Amino acid sequence: MQQEQYVCLVCGFNMVGHYPERCPFCGAKREHFLTAEECSRRFTVRETEVRSGVSCLRSEPALGLEHSAYRIHTGKREIWVDCPSSFNEQLRPATCITFTHHHFMGASNMYRDHFGATVQIHELDYRNNRQMVEPFNLGTTFQENFILDDVVEAHHIGGHTPGFTIYIFEDVLFACDYIFADAEPVKFNPFGPQAETKAGGYRMRDLLEGRKIATVCGQNYVEDYSTWRPKLDQLLGS
Ligand SMILES: [Zn+2]
Ligand SMILES: [Zn+2]
């Protein structure tokens with residue numbers, strides 16, 4: 001039997017196994033929650049191609065502050081970077097859901113059960129946010145940088161959250177909400193320790209050095225690297 005699960009319409013956070021007074025992520029009250037079943041009835045997940053082998057997954061209509069998730073077809077498997085808030089059983093199966101950080105866990109537990117996918121997050125985001133992350137029963141954490149299917153690189157940079165991990169697939173960078181690139185003025189994610197976030201920005205820039213990146217996939221944007229990169233440089237003060 002499926003367990004109790006609620007979705008916060010303000011931020012998209014899924015609350016697994018209980019019905020809290022307030023959303024543990026954004027603090028919204030119960031009146032803003034839907035059951036996960038109702039959420040699946042009212043929202044679908046739209047998949048939009050970013051470029052060959054990469055697509056964006058977002059709830060439709062827009063679901064609060066939900067951050068975009070992305071699908072990477074590696075030729076061997078279907079990897080999702082992050083996970084949509086609403087559950088849609090029609091989606092092409094994922095074999096692995098790997099997180100940038102713990103802020104938008106989406107309906108990952110439901111997709112895991114439905115697809116038989118592995119779901120994983122950096123150990124530090126698990127350990128430091130056990131109350132929020134544990135109900136998703138991920139099963140797997142990672143502590144080292146790694147490469148999936150020889151083509152999806154995971155690099156731990158920390159900063160915005162202690163376990164924050166960015167991903168690179170061919171010429172596409174997946175940076176989630178590290179930078180609010182569409183904000184005016186552009187800024188590092190303000191919801192986290194600012195000095196550490198900037199330090200992580202330097203680490204990100206170091207590992208992008210000399211690489212051919214064409215596209216950046218963020219929390220609510222897909223942007224050409226040629227316009228995104230100057231924003232990172234500006235934030236780092238050079
Ligand atoms: Zn919320
Ligand atoms: Zn975040």
# chains A, B, ... in the order shown; residues from 1 in each chain; ligands from 1

$ residues_near_ligand --ligand "ligand 1" --cutoff "7 Å" --atoms "only C-alpha atoms and all ligand atoms" --output "PDB file with C-alpha atoms, in the first residue's frame"
ATOM      1  CA  CYS A   8       3.535  21.622  -0.802  1.00  0.00           C
ATOM      2  CA  LEU A   9       2.095  23.848  -3.527  1.00  0.00           C
ATOM      3  CA  VAL A  10       4.266  26.774  -2.446  1.00  0.00           C
ATOM      4  CA  CYS A  11       7.640  25.094  -2.936  1.00  0.00           C
ATOM      5  CA  GLY A  12       6.930  21.626  -4.362  1.00  0.00           C
ATOM      6  CA  PHE A  13       8.484  19.778  -1.418  1.00  0.00           C
ATOM      7  CA  CYS A  23       6.150  22.435   5.183  1.00  0.00           C
ATOM      8  CA  PRO A  24       9.612  21.489   6.516  1.00  0.00           C
ATOM      9  CA  PHE A  25      11.212  23.271   3.575  1.00  0.00           C
ATOM     10  CA  CYS A  26       9.371  26.600   3.157  1.00  0.00           C
ATOM     11  CA  GLY A  27       7.187  26.764   6.281  1.00  0.00           C
ATOM     12  CA  ALA A  28       3.876  26.972   4.379  1.00  0.00           C
TER      13      ALA A  28
END

$ closest_atom_pairs --of "chain A" --to "ligand 2" --cutoff "10 Å" --atoms "only C-alpha atoms and all ligand atoms" --output "tab-separated table"
residue	atom	partner	partner_atom_place_in_ligand_line	distance
A:His67	CA	ligand 2	1 (Zn)	8.8
A:Thr100	CA	ligand 2	1 (Zn)	8.5
A:His101	CA	ligand 2	1 (Zn)	6.7
A:His102	CA	ligand 2	1 (Zn)	7.3
A:His103	CA	ligand 2	1 (Zn)	5.0
A:Phe104	CA	ligand 2	1 (Zn)	7.2
A:His160	CA	ligand 2	1 (Zn)	6.6
A:Thr161	CA	ligand 2	1 (Zn)	7.2
A:Phe164	CA	ligand 2	1 (Zn)	8.6
A:Cys176	CA	ligand 2	1 (Zn)	7.5
A:Asp177	CA	ligand 2	1 (Zn)	5.4
A:Tyr178	CA	ligand 2	1 (Zn)	6.9
A:Ile179	CA	ligand 2	1 (Zn)	9.6
A:Asn189	CA	ligand 2	1 (Zn)	7.2
A:Pro190	CA	ligand 2	1 (Zn)	9.2
A:Phe191	CA	ligand 2	1 (Zn)	7.1
A:Gly192	CA	ligand 2	1 (Zn)	7.9
A:Gln219	CA	ligand 2	1 (Zn)	8.8

$ atom_distance --atom1 "atom CA of Pro135 of chain A" --atom2 "atom CA of Asn14 of chain A"
9.7 Å

$ residues_around --residues "Val133 of chain A" --least-positions-apart "2" --cutoff "10 Å" --atoms "only C-alpha atoms" --output "PyMOL selection string"
chain A and resi 15-16+102-103+105+121+125-131+135-138

$ write_last_selection --atoms "C-alpha atoms" --output "short mmCIF file (atom, residue, chain, number, x, y, z; two decimals), in the first residue's frame"
data_model
loop_
_atom_site.label_atom_id
_atom_site.label_comp_id
_atom_site.auth_asym_id
_atom_site.auth_seq_id
_atom_site.Cartn_x
_atom_site.Cartn_y
_atom_site.Cartn_z
CA MET A 15 6.36 15.24 2.70
CA VAL A 16 6.57 11.48 3.04
CA HIS A 102 18.64 18.01 -0.91
CA HIS A 103 16.41 21.06 -1.45
CA MET A 105 13.84 15.88 -3.55
CA ILE A 121 22.68 12.17 -2.90
CA ASP A 125 23.51 16.62 2.47
CA TYR A 126 22.08 13.40 3.83
CA ARG A 127 23.89 13.57 7.14
CA ASN A 128 23.26 17.27 7.79
CA ASN A 129 19.58 17.13 6.89
CA ARG A 130 18.57 13.71 8.06
CA GLN A 131 15.09 14.76 9.17
CA PRO A 135 11.81 9.83 4.76
CA PHE A 136 12.73 9.48 1.07
CA ASN A 137 14.62 6.33 1.98
CA LEU A 138 17.21 6.88 -0.75
#

$ residues_around --residues "His122 of chain A" --least-positions-apart "5" --cutoff "6 Å" --atoms "only C-alpha atoms" --output "tab-separated table (two decimals) with N, CA and C atoms, in the first residue's frame"
chain	number	residue	atom	x	y	z
A	141	THR	N	24.17	6.92	-0.78
A	141	THR	CA	24.82	8.23	-0.76
A	141	THR	C	26.20	8.07	-1.41
A	142	PHE	N	26.76	9.20	-1.82
A	142	PHE	CA	28.12	9.14	-2.36
A	142	PHE	C	28.96	10.19	-1.65
A	143	GLN	N	30.26	9.96	-1.64
A	143	GLN	CA	31.17	10.88	-0.96
A	143	GLN	C	32.28	11.37	-1.86
A	163	GLY	N	26.83	19.37	0.58
A	163	GLY	CA	27.03	18.27	-0.36
A	163	GLY	C	26.82	18.65	-1.82

$ residues_around --residues "Trp228 of chain A" --least-positions-apart "5" --cutoff "10 Å" --atoms "only C-alpha atoms" --output "ChimeraX atom specification"
/A:179,181-182,186,214-216,222-223,233

$ residues_around --residues "Ala199 of chain A" --least-positions-apart "6" --cutoff "12 Å" --atoms "only C-alpha atoms" --output "PDB file with C-alpha atoms, in the first residue's frame"
ATOM      1  CA  ILE A 157      31.691  21.631  -4.878  1.00  0.00           C
ATOM      2  CA  GLY A 158      29.759  22.227  -1.624  1.00  0.00           C
ATOM      3  CA  GLY A 159      28.897  25.842  -0.805  1.00  0.00           C
ATOM      4  CA  HIS A 160      25.168  26.403  -1.278  1.00  0.00           C
ATOM      5  CA  THR A 161      24.748  23.159   0.644  1.00  0.00           C
ATOM      6  CA  PRO A 162      27.615  21.097   2.111  1.00  0.00           C
ATOM      7  CA  TYR A 178      23.769  27.546  -7.474  1.00  0.00           C
ATOM      8  CA  PHE A 188      24.696  33.384  -5.953  1.00  0.00           C
ATOM      9  CA  PRO A 193      26.157  30.424   3.595  1.00  0.00           C
ATOM     10  CA  ARG A 205      35.212  27.824 -12.231  1.00  0.00           C
ATOM     11  CA  ASP A 206      38.411  25.844 -11.705  1.00  0.00           C
ATOM     12  CA  LEU A 232      29.939  33.610 -12.799  1.00  0.00           C
ATOM     13  CA  LEU A 235      30.129  37.190  -9.094  1.00  0.00           C
ATOM     14  CA  LEU A 236      33.662  36.030  -8.384  1.00  0.00           C
ATOM     15  CA  GLY A 237      34.921  39.558  -8.911  1.00  0.00           C
TER      16      GLY A 237
END

$ select_by_dssp --residues "segment 76-153 of chain A" --states "alpha helix (DSSP H)" --output "PyMOL selection string"
chain A and resi 108-115+123-128+130-133

$ select_by_dssp --residues "segment 45-210 of chain A" --states "strand (DSSP E)" --output "number ranges by chain"
A: 45-51, 54-60, 69-73, 78-81, 96-98, 118-122, 139-142, 146-148, 152-156, 165-169, 172-176, 179-180, 187-188

$ residues_around --residues "segment 145-153 of chain A" --least-positions-apart "2" --cutoff "9 Å" --atoms "only C-alpha atoms" --output "NGL selection string"
:A and (72 or 74-77 or 79 or 142-143 or 155-156 or 165-170)
